[in-house]
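Shown next: start35.cif, given as mmCIF, C-alpha atoms (C1' of nucleotides).
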```
data_my_file
loop_
_atom_site.label_atom_id
_atom_site.label_comp_id
_atom_site.auth_asym_id
_atom_site.auth_seq_id
_atom_site.Cartn_x
_atom_site.Cartn_y
_atom_site.Cartn_z
CA MET U 1231 2.02 3.74 -0.53
CA SER U 1232 0.29 3.28 2.74
CA ALA U 1233 2.99 0.88 3.83
CA ASN U 1234 2.23 -1.61 6.53
CA SER U 1235 4.27 -2.94 9.41
CA ARG U 1236 3.60 -6.62 8.89
CA LEU U 1237 7.11 -7.45 7.72
CA THR U 1238 8.60 -5.39 10.55
CA ILE U 1239 6.51 -7.02 13.25
CA ALA U 1240 7.08 -10.50 11.85
CA ALA U 1241 10.84 -9.95 11.81
CA HIS U 1242 10.64 -8.55 15.33
CA ALA U 1243 8.82 -11.66 16.51
CA LEU U 1244 11.30 -14.05 14.89
CA ALA U 1245 14.27 -12.19 16.30
CA TRP U 1246 12.70 -12.16 19.75
CA ILE U 1247 11.89 -15.86 19.72
CA GLY U 1248 15.34 -16.71 18.35
CA LEU U 1249 17.12 -14.74 21.06
CA TYR U 1250 14.85 -16.16 23.75
CA GLN U 1251 15.63 -19.69 22.67
CA ARG U 1252 19.36 -18.99 22.69
CA GLN U 1253 18.91 -17.98 26.30
CA GLY U 1254 17.76 -21.53 27.01
CA HIS U 1255 14.00 -21.23 26.83
CA GLU U 1256 11.86 -23.75 25.00
CA VAL U 1257 8.98 -21.64 23.76
CA ALA U 1258 7.90 -18.01 23.71
CA THR U 1259 4.33 -16.80 24.17
CA SER U 1260 2.51 -14.34 21.98
CA GLU U 1261 2.09 -12.17 25.04
CA GLN U 1262 5.83 -11.87 25.55
CA VAL U 1263 6.43 -10.97 21.93
CA ALA U 1264 3.52 -8.53 21.96
CA ALA U 1265 4.95 -6.81 25.03
CA SER U 1266 8.29 -6.31 23.27
CA ALA U 1267 6.65 -5.04 20.08
CA ASN U 1268 4.15 -2.97 22.06
CA THR U 1269 1.12 -4.40 20.34
CA ASN U 1270 -1.68 -6.86 20.98
CA PRO U 1271 -1.06 -10.61 21.43
CA VAL U 1272 -3.72 -11.37 18.84
CA VAL U 1273 -1.82 -9.38 16.24
CA VAL U 1274 1.27 -11.43 17.02
CA ARG U 1275 -0.62 -14.72 16.91
CA ARG U 1276 -2.10 -13.82 13.54
CA LEU U 1277 1.28 -13.06 12.04
CA LEU U 1278 2.97 -16.05 13.65
CA GLY U 1279 0.16 -18.18 12.31
CA GLU U 1280 1.10 -17.11 8.80
CA LEU U 1281 4.75 -17.84 9.52
CA ARG U 1282 3.71 -21.28 10.78
CA ARG U 1283 1.86 -21.96 7.54
CA ALA U 1284 5.10 -21.08 5.75
CA GLY U 1285 7.04 -23.54 7.91
CA LEU U 1286 9.14 -20.93 9.71
CA VAL U 1287 7.83 -21.47 13.25
CA GLU U 1288 5.96 -24.09 15.22
CA SER U 1289 3.35 -23.70 17.92
CA ARG U 1290 2.51 -25.84 20.91
CA ARG U 1291 -0.85 -25.78 22.60
CA GLY U 1292 -2.06 -26.67 26.04
CA ALA U 1293 -0.28 -25.74 29.24
CA GLY U 1294 3.25 -24.44 28.82
CA ALA U 1295 2.35 -23.63 25.27
CA GLY U 1296 3.99 -21.14 22.93
CA TRP U 1297 6.03 -20.65 19.81
CA SER U 1298 9.40 -21.92 18.67
CA LEU U 1299 11.49 -21.60 15.53
CA ALA U 1300 11.11 -24.36 12.97
CA ARG U 1301 14.40 -23.33 11.34
CA GLU U 1302 17.62 -21.67 12.37
CA LEU U 1303 17.62 -17.87 12.15
CA GLY U 1304 20.50 -18.15 9.70
CA SER U 1305 18.38 -20.13 7.24
CA ILE U 1306 15.40 -17.76 7.28
CA THR U 1307 15.54 -14.75 4.98
CA LEU U 1308 13.40 -11.64 4.81
CA LEU U 1309 12.09 -13.03 1.52
CA ASP U 1310 10.68 -16.05 3.38
CA VAL U 1311 8.97 -13.70 5.81
CA TYR U 1312 7.83 -11.34 3.06
CA GLU U 1313 6.21 -14.14 1.09
CA ALA U 1314 4.56 -15.44 4.24
CA VAL U 1315 2.94 -12.19 5.33
CA GLU U 1316 2.62 -10.01 2.21
CA PRO U 1317 0.03 -11.35 -0.19
CA GLY U 1318 -0.19 -9.11 -3.22
CA PRO U 1319 2.13 -7.65 -5.82
CA LEU U 1320 4.02 -4.41 -5.23
CA PHE U 1321 2.23 -2.42 -7.96
CA ALA U 1322 -1.30 -2.93 -9.21
CA MET U 1323 -2.71 -2.71 -12.69
CA HIS U 1324 -5.73 -0.57 -13.59
CA ARG U 1325 -8.82 -1.43 -11.56
CA THR U 1326 -10.83 -1.61 -14.78
CA THR U 1327 -9.73 -2.82 -18.19
CA PRO U 1328 -8.25 0.03 -20.25
CA ASP U 1329 -9.79 0.90 -23.62
CA GLN U 1330 -8.69 -1.97 -25.86
CA GLY U 1331 -9.55 0.10 -28.90
CA CYS U 1332 -6.75 2.53 -28.00
CA VAL U 1333 -3.17 1.58 -28.86
CA VAL U 1334 -1.90 2.62 -25.44
CA GLY U 1335 -4.87 1.13 -23.62
CA HIS U 1336 -4.27 -2.14 -25.40
CA GLY U 1337 -0.55 -2.42 -24.84
CA ILE U 1338 -0.07 -0.82 -21.43
CA GLN U 1339 -0.88 -3.83 -19.28
CA PRO U 1340 1.45 -6.34 -20.96
CA ALA U 1341 4.15 -3.67 -20.97
CA MET U 1342 3.83 -2.79 -17.29
CA ARG U 1343 3.46 -6.42 -16.28
CA GLY U 1344 6.83 -7.24 -17.79
CA ILE U 1345 8.49 -4.22 -16.22
CA TYR U 1346 6.98 -4.88 -12.80
CA GLN U 1347 8.03 -8.52 -12.91
CA ASP U 1348 11.66 -7.53 -13.39
CA ILE U 1349 11.50 -5.01 -10.58
CA GLU U 1350 9.84 -7.37 -8.14
CA GLU U 1351 12.38 -10.04 -9.01
CA THR U 1352 15.12 -7.65 -7.99
CA LEU U 1353 13.28 -6.81 -4.78
CA ARG U 1354 12.93 -10.48 -3.91
CA HIS U 1355 16.61 -10.99 -4.58
CA GLU U 1356 17.48 -8.21 -2.16
CA LEU U 1357 15.14 -9.55 0.49
CA ALA U 1358 16.68 -12.99 0.09
CA ARG U 1359 20.11 -11.58 0.90
CA VAL U 1360 19.10 -10.64 4.45
CA THR U 1361 18.84 -13.47 6.96
CA LEU U 1362 17.10 -13.17 10.31
CA GLU U 1363 20.50 -13.98 11.79
CA LYS U 1364 21.73 -10.69 10.37
CA VAL U 1365 18.64 -8.92 11.62
CA LEU U 1366 19.29 -10.14 15.17
CA ARG U 1367 22.96 -9.23 14.84
CA ASP U 1368 22.00 -5.69 13.79
CA VAL U 1369 19.49 -5.52 16.62
CA LEU U 1370 22.10 -6.42 19.21
CA ALA U 1371 24.57 -3.98 17.64
CA ALA U 1372 22.30 -1.01 18.37
CA PRO U 1373 23.97 1.43 20.80
CA ARG U 1374 23.05 1.02 24.43
CA GLN U 1375 21.08 3.68 26.23
CA PRO U 1376 23.54 6.32 27.48
CA LEU U 1377 23.04 7.27 31.13
CA MET X 881 0.19 -5.08 0.47
CA SER X 882 -2.91 -3.55 -0.94
CA ALA X 883 -0.98 -2.25 -3.89
CA ASN X 884 -2.27 0.76 -5.74
CA SER X 885 -2.41 1.63 -9.41
CA ARG X 886 -1.07 5.16 -9.17
CA LEU X 887 2.27 4.40 -10.82
CA THR X 888 0.51 2.41 -13.54
CA ILE X 889 -2.02 5.13 -14.34
CA ALA X 890 0.63 7.84 -14.25
CA ALA X 891 2.82 5.89 -16.68
CA HIS X 892 -0.22 5.26 -18.85
CA ALA X 893 -0.98 8.98 -18.97
CA LEU X 894 2.59 9.94 -19.85
CA ALA X 895 2.81 7.34 -22.59
CA TRP X 896 -0.52 8.47 -24.00
CA ILE X 897 0.41 12.14 -24.02
CA GLY X 898 3.82 11.38 -25.49
CA LEU X 899 2.37 9.34 -28.32
CA TYR X 900 -0.33 11.92 -28.95
CA GLN X 901 2.26 14.67 -29.26
CA ARG X 902 4.30 12.58 -31.68
CA GLN X 903 1.21 12.44 -33.83
CA GLY X 904 1.37 16.20 -34.13
CA HIS X 905 -1.01 17.34 -31.41
CA GLU X 906 -0.14 20.16 -29.05
CA VAL X 907 -1.92 19.15 -25.87
CA ALA X 908 -3.97 16.25 -24.53
CA THR X 909 -6.99 16.61 -22.27
CA SER X 910 -7.61 14.71 -19.07
CA GLU X 911 -10.78 13.40 -20.65
CA GLN X 912 -8.88 11.76 -23.49
CA VAL X 913 -6.40 10.13 -21.13
CA ALA X 914 -9.20 9.05 -18.81
CA ALA X 915 -11.02 7.41 -21.72
CA SER X 916 -7.93 5.39 -22.61
CA ALA X 917 -7.30 4.36 -19.02
CA ASN X 918 -11.00 3.75 -18.43
CA THR X 919 -11.19 5.94 -15.36
CA ASN X 920 -12.46 9.35 -14.31
CA PRO X 921 -10.95 12.59 -15.66
CA VAL X 922 -10.56 13.91 -12.12
CA VAL X 923 -8.39 10.94 -11.20
CA VAL X 924 -6.17 11.74 -14.18
CA ARG X 925 -6.02 15.43 -13.35
CA ARG X 926 -5.03 14.63 -9.78
CA LEU X 927 -2.16 12.40 -10.88
CA LEU X 928 -1.04 14.75 -13.64
CA GLY X 929 -1.09 17.55 -11.09
CA GLU X 930 1.46 15.64 -9.03
CA LEU X 931 3.55 15.04 -12.14
CA ARG X 932 3.38 18.76 -12.87
CA ARG X 933 4.65 19.57 -9.40
CA ALA X 934 7.57 17.25 -10.17
CA GLY X 935 8.26 19.09 -13.41
CA LEU X 936 7.38 16.20 -15.72
CA VAL X 937 4.37 17.75 -17.48
CA GLU X 938 2.87 21.19 -18.05
CA SER X 939 -0.74 22.24 -18.18
CA ARG X 940 -2.45 24.99 -20.11
CA ARG X 941 -5.76 26.48 -19.05
CA GLY X 942 -8.48 28.33 -20.86
CA ALA X 943 -9.81 27.34 -24.27
CA GLY X 944 -7.79 24.71 -26.14
CA ALA X 945 -6.32 23.77 -22.81
CA GLY X 946 -4.70 20.49 -21.83
CA TRP X 947 -1.49 18.76 -20.87
CA SER X 948 1.87 18.42 -22.54
CA LEU X 949 5.19 16.85 -21.63
CA ALA X 950 7.73 19.08 -19.96
CA ARG X 951 10.51 16.64 -20.84
CA GLU X 952 11.21 14.05 -23.51
CA LEU X 953 9.90 10.57 -22.77
CA GLY X 954 13.47 9.33 -22.98
CA SER X 955 14.56 11.55 -20.09
CA ILE X 956 11.74 10.53 -17.73
CA THR X 957 12.24 7.38 -15.68
CA LEU X 958 9.82 5.35 -13.63
CA LEU X 959 11.73 6.59 -10.59
CA ASP X 960 10.74 10.16 -11.45
CA VAL X 961 7.12 9.06 -11.69
CA TYR X 962 7.35 6.91 -8.56
CA GLU X 963 8.72 9.76 -6.49
CA ALA X 964 6.06 12.08 -7.83
CA VAL X 965 3.07 9.91 -7.03
CA GLU X 966 4.13 7.57 -4.21
CA PRO X 967 4.61 9.42 -0.95
CA GLY X 968 5.64 6.96 1.75
CA PRO X 969 8.29 4.33 2.31
CA LEU X 970 7.83 0.76 1.12
CA PHE X 971 7.78 -0.79 4.60
CA ALA X 972 6.58 0.83 7.79
CA MET X 973 7.96 0.61 11.30
CA HIS X 974 5.87 -0.30 14.35
CA ARG X 975 2.89 1.99 14.82
CA THR X 976 3.85 2.42 18.45
CA THR X 977 7.31 2.55 19.96
CA PRO X 978 8.54 -0.94 20.91
CA ASP X 979 9.51 -1.67 24.52
CA GLN X 980 12.82 0.18 24.94
CA GLY X 981 13.54 -1.89 28.02
CA CYS X 982 13.77 -5.01 25.87
CA VAL X 983 16.96 -5.64 23.92
CA VAL X 984 15.06 -6.54 20.79
CA GLY X 985 12.53 -3.76 21.23
CA HIS X 986 15.36 -1.31 21.60
CA GLY X 987 17.43 -2.39 18.64
CA ILE X 988 14.81 -3.47 16.13
CA GLN X 989 14.00 -0.10 14.62
CA PRO X 990 17.56 1.03 13.86
CA ALA X 991 18.25 -2.44 12.46
CA MET X 992 15.23 -2.53 10.18
CA ARG X 993 15.70 1.05 9.12
CA GLY X 994 19.16 0.27 7.78
CA ILE X 995 17.98 -2.85 6.03
CA TYR X 996 14.97 -1.13 4.48
CA GLN X 997 17.11 1.74 3.28
CA ASP X 998 19.36 -0.62 1.35
CA ILE X 999 16.39 -2.40 -0.18
CA GLU X 1000 14.62 0.79 -1.21
CA GLU X 1001 17.83 2.07 -2.70
CA THR X 1002 17.95 -0.99 -4.92
CA LEU X 1003 14.32 -0.53 -5.87
CA ARG X 1004 14.94 3.08 -6.85
CA HIS X 1005 17.91 2.01 -8.90
CA GLU X 1006 15.76 -0.46 -10.80
CA LEU X 1007 13.00 2.09 -11.36
CA ALA X 1008 15.58 4.56 -12.66
CA ARG X 1009 16.65 2.07 -15.33
CA VAL X 1010 13.26 2.19 -17.06
CA THR X 1011 12.49 5.27 -19.14
CA LEU X 1012 9.02 6.19 -20.33
CA GLU X 1013 10.47 5.88 -23.82
CA LYS X 1014 10.94 2.17 -23.14
CA VAL X 1015 7.46 1.93 -21.66
CA LEU X 1016 5.95 3.37 -24.83
CA ARG X 1017 8.12 1.07 -26.93
CA ASP X 1018 6.87 -1.95 -24.96
CA VAL X 1019 3.31 -0.68 -25.28
CA LEU X 1020 3.55 -0.45 -29.05
CA ALA X 1021 5.21 -3.86 -29.21
CA ALA X 1022 2.16 -5.57 -27.73
CA PRO X 1023 0.65 -8.08 -30.18
CA ARG X 1024 -2.26 -6.77 -32.23
CA GLN X 1025 -5.72 -8.19 -31.72
CA PRO X 1026 -6.05 -11.34 -33.85
CA LEU X 1027 -9.25 -11.42 -35.94
"C1'" DC O 1180 -10.47 -30.85 36.78
"C1'" DC O 1181 -7.83 -26.39 36.39
"C1'" DT O 1182 -5.14 -23.32 34.19
"C1'" DG O 1183 -2.59 -21.03 30.60
"C1'" DT O 1184 -2.11 -20.45 25.86
"C1'" DC O 1185 -3.32 -21.04 21.20
"C1'" DG O 1186 -6.68 -20.38 17.26
"C1'" DT O 1187 -9.99 -17.72 15.37
"C1'" DA O 1188 -14.17 -15.15 14.81
"C1'" DA O 1189 -16.18 -10.70 15.17
"C1'" DC O 1190 -16.29 -5.86 15.51
"C1'" DG O 1191 -14.70 -1.07 15.26
"C1'" DA O 1192 -11.36 2.77 14.30
"C1'" DT O 1193 -8.34 4.49 11.12
"C1'" DT O 1194 -6.41 5.25 6.69
"C1'" DA O 1195 -5.65 5.13 1.57
"C1'" DT O 1196 -7.48 4.73 -2.80
"C1'" DG O 1197 -10.37 5.76 -6.41
"C1'" DG O 1198 -14.84 7.20 -8.34
"C1'" DT O 1199 -18.12 10.95 -8.64
"C1'" DT O 1200 -20.27 15.55 -8.55
"C1'" DA O 1201 -19.76 20.23 -8.33
"C1'" DC O 1202 -18.05 24.65 -9.22
"C1'" DG O 1203 -14.91 28.50 -9.58
"C1'" DA O 1204 -10.76 30.04 -12.48
"C1'" DC O 1205 -8.79 30.71 -16.62
"C1'" DG O 1206 -8.02 32.05 -21.40
"C1'" DG O 1207 -8.69 31.73 -26.35
"C1'" DC O 1208 -12.23 32.89 -29.73
"C1'" DC O 1209 -16.19 34.91 -31.82
"C1'" DG P 281 -17.23 41.55 -23.57
"C1'" DG P 282 -19.35 37.20 -23.32
"C1'" DC P 283 -19.11 32.13 -24.42
"C1'" DC P 284 -17.26 27.80 -23.84
"C1'" DG P 285 -14.12 24.14 -22.91
"C1'" DT P 286 -10.78 22.66 -19.71
"C1'" DC P 287 -8.16 22.89 -15.64
"C1'" DG P 288 -7.88 22.95 -10.42
"C1'" DT P 289 -9.69 21.52 -6.42
"C1'" DA P 290 -12.90 20.68 -2.78
"C1'" DA P 291 -16.22 17.54 -0.99
"C1'" DC P 292 -18.28 13.24 -0.37
"C1'" DC P 293 -18.87 8.27 -0.69
"C1'" DA P 294 -17.71 3.31 -1.34
"C1'" DT P 295 -14.38 -0.02 -0.79
"C1'" DA P 296 -10.64 -2.35 1.18
"C1'" DA P 297 -6.62 -3.18 4.23
"C1'" DT P 298 -4.53 -2.81 8.60
"C1'" DC P 299 -4.52 -2.93 13.32
"C1'" DG P 300 -6.40 -3.07 17.89
"C1'" DT P 301 -9.63 -5.24 20.87
"C1'" DT P 302 -12.90 -8.52 23.05
"C1'" DA P 303 -14.51 -12.95 23.31
"C1'" DC P 304 -14.56 -17.78 23.53
"C1'" DG P 305 -13.78 -22.54 22.31
"C1'" DA P 306 -9.83 -26.04 21.84
"C1'" DC P 307 -6.12 -28.09 23.68
"C1'" DA P 308 -2.76 -30.24 26.85
"C1'" DG P 309 -0.01 -30.63 30.91
"C1'" DG P 310 -0.08 -30.87 35.91
#
```
Could you render the structure from this file as structure tokens?
Amino acid sequence: MSANSRLTIAAHALAWIGLYQRQGHEVATSEQVAASANTNPVVVRRLLGELRRAGLVESRRGAGAGWSLARELGSITLLDVYEAVEPGPLFAMHRTTPDQGCVVGHGIQPAMRGIYQDIEETLRHELARVTLEKVLRDVLAAPRQPL
Amino acid sequence: MSANSRLTIAAHALAWIGLYQRQGHEVATSEQVAASANTNPVVVRRLLGELRRAGLVESRRGAGAGWSLARELGSITLLDVYEAVEPGPLFAMHRTTPDQGCVVGHGIQPAMRGIYQDIEETLRHELARVTLEKVLRDVLAAPRQPL
DNA sequence: CCTGTCGTAACGATTATGGTTACGACGGCC
DNA sequence: GGCCGTCGTAACCATAATCGTTACGACAGG
């Protein structure tokens, strides 16, 4: 499917910022998040920008600038993040219109549209069950490095 | 997500072949299916080849060659087709290893892996609920062209 | 005014998809 | 045995998305 890591990186960023704020800090910088995710600050700023448009985070400019959560981790779900950073549908229709003179060509798109809608609805429901609070909890539950 | 149409075209091909066989024909050619789906015969052959590897269809070569179902439409589910034509996972991890010295960087991948596994399991369950028999039924139920 | 960070444009590398052409392999049929 | 239609598959290209990177203006606090 040529999956992408946008949802993963966005969740990583939110978890990082949430934990950082619980440690008493006001804002986190894209550079800090990028260092943790081992990627480029611009990639982080782009994704956080989409999360800001969705009302999940806020940004401050100027000196001492950075990012902060606009909502509690417990009130943000993976569905919120998914909708913020993943534009299109899960499955695509034909790139060109099927032969409308053929019975199958005529009926296939309405049929698949209905089926895909049900499936995506279920996916959204599953994503909505996972809060970023749970993500951070799972992150912190990972076994420590053995020495 | 840059969704693709592989599942859609594969389902289209199976429905077309199934209906064609119910009309008394032995085999269907990639050219016929491609005409209905309004794409190139090679694209159809490539997808049908993957379905053949999964044991869903059979192909005959030589004169009077073509494709036929290896199973009844009622015993093929969208999950079978999905697994045959969609290689990767739905969501990807980071392209590079996150900073293992950071608590979040260290725990994020195990955490997301578990969450993604649950979600994909639900998706597979939903796909398994839809048989190609139902797809064809929905296709034939599409409203006829009004004149 | 200086400095650190955001915001965003621009570009390139990489990858997946899908369309196309080409051609050998195969197997019924005359 | 040769012909012909179809599969099987390689090769190539166009397109698009993602991700990394560089660059630079905008902004605000000290």
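Using only C-alpha atoms (C1' of nucleotides), the part of chain U that sits within 8 Å of chain O is made up of Ser1232, Thr1259, Ser1289, Arg1290, Arg1291, Gly1292, Ala1293, Gly1294, Ala1295 and Gly1296 of chain U.
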Which residues are close to Tyr1250 (chain U), i.e. within 12 Å by all atoms listed in the file, leaving aside same-chain residues fewer than 2 positions away? Reply as a PDB file with C-alpha atoms, keeping the file's coordinate frame.
```pdb
ATOM      1  CA  ALA U1243       8.820 -11.660  16.510  1.00  0.00           C
ATOM      2  CA  LEU U1244      11.300 -14.050  14.890  1.00  0.00           C
ATOM      3  CA  ALA U1245      14.270 -12.190  16.300  1.00  0.00           C
ATOM      4  CA  TRP U1246      12.700 -12.160  19.750  1.00  0.00           C
ATOM      5  CA  ILE U1247      11.890 -15.860  19.720  1.00  0.00           C
ATOM      6  CA  GLY U1248      15.340 -16.710  18.350  1.00  0.00           C
ATOM      7  CA  ARG U1252      19.360 -18.990  22.690  1.00  0.00           C
ATOM      8  CA  GLN U1253      18.910 -17.980  26.300  1.00  0.00           C
ATOM      9  CA  GLY U1254      17.760 -21.530  27.010  1.00  0.00           C
ATOM     10  CA  HIS U1255      14.000 -21.230  26.830  1.00  0.00           C
ATOM     11  CA  GLU U1256      11.860 -23.750  25.000  1.00  0.00           C
ATOM     12  CA  VAL U1257       8.980 -21.640  23.760  1.00  0.00           C
ATOM     13  CA  ALA U1258       7.900 -18.010  23.710  1.00  0.00           C
ATOM     14  CA  THR U1259       4.330 -16.800  24.170  1.00  0.00           C
ATOM     15  CA  GLN U1262       5.830 -11.870  25.550  1.00  0.00           C
ATOM     16  CA  VAL U1263       6.430 -10.970  21.930  1.00  0.00           C
ATOM     17  CA  SER U1266       8.290  -6.310  23.270  1.00  0.00           C
ATOM     18  CA  GLY U1296       3.990 -21.140  22.930  1.00  0.00           C
ATOM     19  CA  TRP U1297       6.030 -20.650  19.810  1.00  0.00           C
ATOM     20  CA  SER U1298       9.400 -21.920  18.670  1.00  0.00           C
ATOM     21  CA  LEU U1299      11.490 -21.600  15.530  1.00  0.00           C
ATOM     22  CA  LEU U1366      19.290 -10.140  15.170  1.00  0.00           C
TER      23      LEU U1366
ATOM     24  CA  CYS X 982      13.770  -5.010  25.870  1.00  0.00           C
ATOM     25  CA  VAL X 983      16.960  -5.640  23.920  1.00  0.00           C
ATOM     26  CA  VAL X 984      15.060  -6.540  20.790  1.00  0.00           C
TER      27      VAL X 984
END
```
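Going from CA of Ala1267 (chain U) over to CA of Ala1240 (chain U), you cover 9.9 Å.
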Take chain X, superimpose it onto chain U by least squares using every C-alpha atom paired in sequence order, and output the result as a short mmCIF file (atom, residue, chain, number, x, y, z; two decimals) with C-alpha atoms, in the coordinates of the input.
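As a result, superposed-v3.cif now contains:
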```
data_model
loop_
_atom_site.label_atom_id
_atom_site.label_comp_id
_atom_site.auth_asym_id
_atom_site.auth_seq_id
_atom_site.Cartn_x
_atom_site.Cartn_y
_atom_site.Cartn_z
CA MET X 881 1.87 3.76 -0.53
CA SER X 882 0.27 3.34 2.82
CA ALA X 883 2.98 0.95 3.85
CA ASN X 884 2.26 -1.59 6.53
CA SER X 885 4.31 -2.91 9.41
CA ARG X 886 3.63 -6.60 8.90
CA LEU X 887 7.14 -7.45 7.72
CA THR X 888 8.63 -5.40 10.55
CA ILE X 889 6.53 -7.03 13.26
CA ALA X 890 7.10 -10.49 11.84
CA ALA X 891 10.87 -9.95 11.81
CA HIS X 892 10.66 -8.55 15.32
CA ALA X 893 8.83 -11.66 16.52
CA LEU X 894 11.30 -14.05 14.90
CA ALA X 895 14.29 -12.21 16.31
CA TRP X 896 12.71 -12.17 19.75
CA ILE X 897 11.89 -15.87 19.72
CA GLY X 898 15.33 -16.73 18.36
CA LEU X 899 17.11 -14.77 21.06
CA TYR X 900 14.84 -16.17 23.74
CA GLN X 901 15.62 -19.72 22.66
CA ARG X 902 19.34 -18.99 22.69
CA GLN X 903 18.90 -18.01 26.31
CA GLY X 904 17.75 -21.54 27.01
CA HIS X 905 13.98 -21.23 26.84
CA GLU X 906 11.85 -23.75 25.00
CA VAL X 907 8.98 -21.64 23.75
CA ALA X 908 7.90 -18.00 23.70
CA THR X 909 4.33 -16.81 24.16
CA SER X 910 2.51 -14.33 21.97
CA GLU X 911 2.08 -12.17 25.04
CA GLN X 912 5.83 -11.87 25.54
CA VAL X 913 6.43 -10.96 21.91
CA ALA X 914 3.51 -8.54 21.95
CA ALA X 915 4.96 -6.81 25.02
CA SER X 916 8.28 -6.30 23.25
CA ALA X 917 6.66 -5.04 20.08
CA ASN X 918 4.16 -2.96 22.05
CA THR X 919 1.13 -4.39 20.31
CA ASN X 920 -1.69 -6.84 20.95
CA PRO X 921 -1.08 -10.58 21.43
CA VAL X 922 -3.73 -11.37 18.82
CA VAL X 923 -1.84 -9.36 16.22
CA VAL X 924 1.27 -11.41 17.00
CA ARG X 925 -0.62 -14.69 16.89
CA ARG X 926 -2.10 -13.78 13.52
CA LEU X 927 1.31 -13.03 12.02
CA LEU X 928 2.98 -16.04 13.63
CA GLY X 929 0.15 -18.16 12.27
CA GLU X 930 1.10 -17.08 8.76
CA LEU X 931 4.75 -17.83 9.50
CA ARG X 932 3.70 -21.26 10.74
CA ARG X 933 1.85 -21.94 7.51
CA ALA X 934 5.10 -21.07 5.72
CA GLY X 935 7.01 -23.53 7.89
CA LEU X 936 9.13 -20.93 9.69
CA VAL X 937 7.82 -21.46 13.23
CA GLU X 938 5.94 -24.10 15.20
CA SER X 939 3.34 -23.68 17.90
CA ARG X 940 2.51 -25.83 20.88
CA ARG X 941 -0.86 -25.74 22.59
CA GLY X 942 -2.07 -26.67 26.02
CA ALA X 943 -0.23 -25.80 29.22
CA GLY X 944 3.32 -24.48 28.78
CA ALA X 945 2.36 -23.66 25.24
CA GLY X 946 3.98 -21.15 22.92
CA TRP X 947 6.02 -20.66 19.79
CA SER X 948 9.40 -21.91 18.67
CA LEU X 949 11.48 -21.61 15.53
CA ALA X 950 11.10 -24.35 12.97
CA ARG X 951 14.38 -23.35 11.34
CA GLU X 952 17.62 -21.69 12.38
CA LEU X 953 17.64 -17.90 12.17
CA GLY X 954 20.50 -18.18 9.72
CA SER X 955 18.39 -20.16 7.25
CA ILE X 956 15.41 -17.77 7.29
CA THR X 957 15.56 -14.77 4.97
CA LEU X 958 13.43 -11.67 4.80
CA LEU X 959 12.11 -13.05 1.52
CA ASP X 960 10.69 -16.05 3.38
CA VAL X 961 8.99 -13.70 5.82
CA TYR X 962 7.85 -11.33 3.06
CA GLU X 963 6.23 -14.12 1.10
CA ALA X 964 4.56 -15.42 4.23
CA VAL X 965 2.97 -12.17 5.32
CA GLU X 966 2.64 -10.00 2.20
CA PRO X 967 0.03 -11.35 -0.18
CA GLY X 968 -0.20 -9.08 -3.21
CA PRO X 969 2.11 -7.62 -5.82
CA LEU X 970 4.00 -4.39 -5.22
CA PHE X 971 2.21 -2.40 -7.94
CA ALA X 972 -1.32 -2.91 -9.18
CA MET X 973 -2.73 -2.68 -12.67
CA HIS X 974 -5.75 -0.56 -13.61
CA ARG X 975 -8.83 -1.42 -11.57
CA THR X 976 -10.84 -1.61 -14.77
CA THR X 977 -9.73 -2.82 -18.17
CA PRO X 978 -8.25 0.03 -20.24
CA ASP X 979 -9.79 0.90 -23.62
CA GLN X 980 -8.70 -1.99 -25.85
CA GLY X 981 -9.53 0.10 -28.89
CA CYS X 982 -6.73 2.51 -27.99
CA VAL X 983 -3.16 1.54 -28.84
CA VAL X 984 -1.90 2.59 -25.44
CA GLY X 985 -4.86 1.11 -23.61
CA HIS X 986 -4.27 -2.15 -25.40
CA GLY X 987 -0.56 -2.43 -24.83
CA ILE X 988 -0.10 -0.84 -21.43
CA GLN X 989 -0.89 -3.83 -19.25
CA PRO X 990 1.43 -6.35 -20.93
CA ALA X 991 4.15 -3.69 -20.93
CA MET X 992 3.82 -2.80 -17.27
CA ARG X 993 3.45 -6.41 -16.25
CA GLY X 994 6.83 -7.24 -17.74
CA ILE X 995 8.47 -4.23 -16.18
CA TYR X 996 6.96 -4.88 -12.76
CA GLN X 997 8.01 -8.51 -12.88
CA ASP X 998 11.64 -7.53 -13.38
CA ILE X 999 11.48 -5.02 -10.56
CA GLU X 1000 9.83 -7.40 -8.12
CA GLU X 1001 12.37 -10.03 -9.00
CA THR X 1002 15.12 -7.65 -7.97
CA LEU X 1003 13.30 -6.82 -4.76
CA ARG X 1004 12.96 -10.50 -3.90
CA HIS X 1005 16.62 -11.00 -4.59
CA GLU X 1006 17.50 -8.23 -2.17
CA LEU X 1007 15.16 -9.57 0.50
CA ALA X 1008 16.71 -13.02 0.10
CA ARG X 1009 20.14 -11.59 0.90
CA VAL X 1010 19.13 -10.67 4.45
CA THR X 1011 18.86 -13.50 6.96
CA LEU X 1012 17.12 -13.19 10.31
CA GLU X 1013 20.51 -14.02 11.80
CA LYS X 1014 21.77 -10.72 10.40
CA VAL X 1015 18.67 -8.93 11.64
CA LEU X 1016 19.31 -10.16 15.17
CA ARG X 1017 22.97 -9.24 14.86
CA ASP X 1018 22.02 -5.70 13.80
CA VAL X 1019 19.50 -5.53 16.63
CA LEU X 1020 22.11 -6.44 19.23
CA ALA X 1021 24.58 -4.00 17.68
CA ALA X 1022 22.31 -1.04 18.40
CA PRO X 1023 23.98 1.44 20.78
CA ARG X 1024 23.02 1.04 24.43
CA GLN X 1025 21.05 3.75 26.17
CA PRO X 1026 23.49 6.40 27.42
CA LEU X 1027 22.91 7.37 31.08
#
```
Taking the point (14.9, 4.8, -16.7) as given in the file, collect each protein or nucleic acid residue that comes within 6 Å of it, counting only C-alpha atoms (C1' of nucleotides), and present the set as a short mmCIF file (atom, residue, chain, number, x, y, z; two decimals) with C-alpha atoms, keeping the file's coordinate frame.
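Final output, saved to selection-v3.cif:
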```cif
data_model
loop_
_atom_site.label_atom_id
_atom_site.label_comp_id
_atom_site.auth_asym_id
_atom_site.auth_seq_id
_atom_site.Cartn_x
_atom_site.Cartn_y
_atom_site.Cartn_z
CA THR X 957 12.24 7.38 -15.68
CA LEU X 958 9.82 5.35 -13.63
CA ALA X 1008 15.58 4.56 -12.66
CA ARG X 1009 16.65 2.07 -15.33
CA VAL X 1010 13.26 2.19 -17.06
CA THR X 1011 12.49 5.27 -19.14
#
```
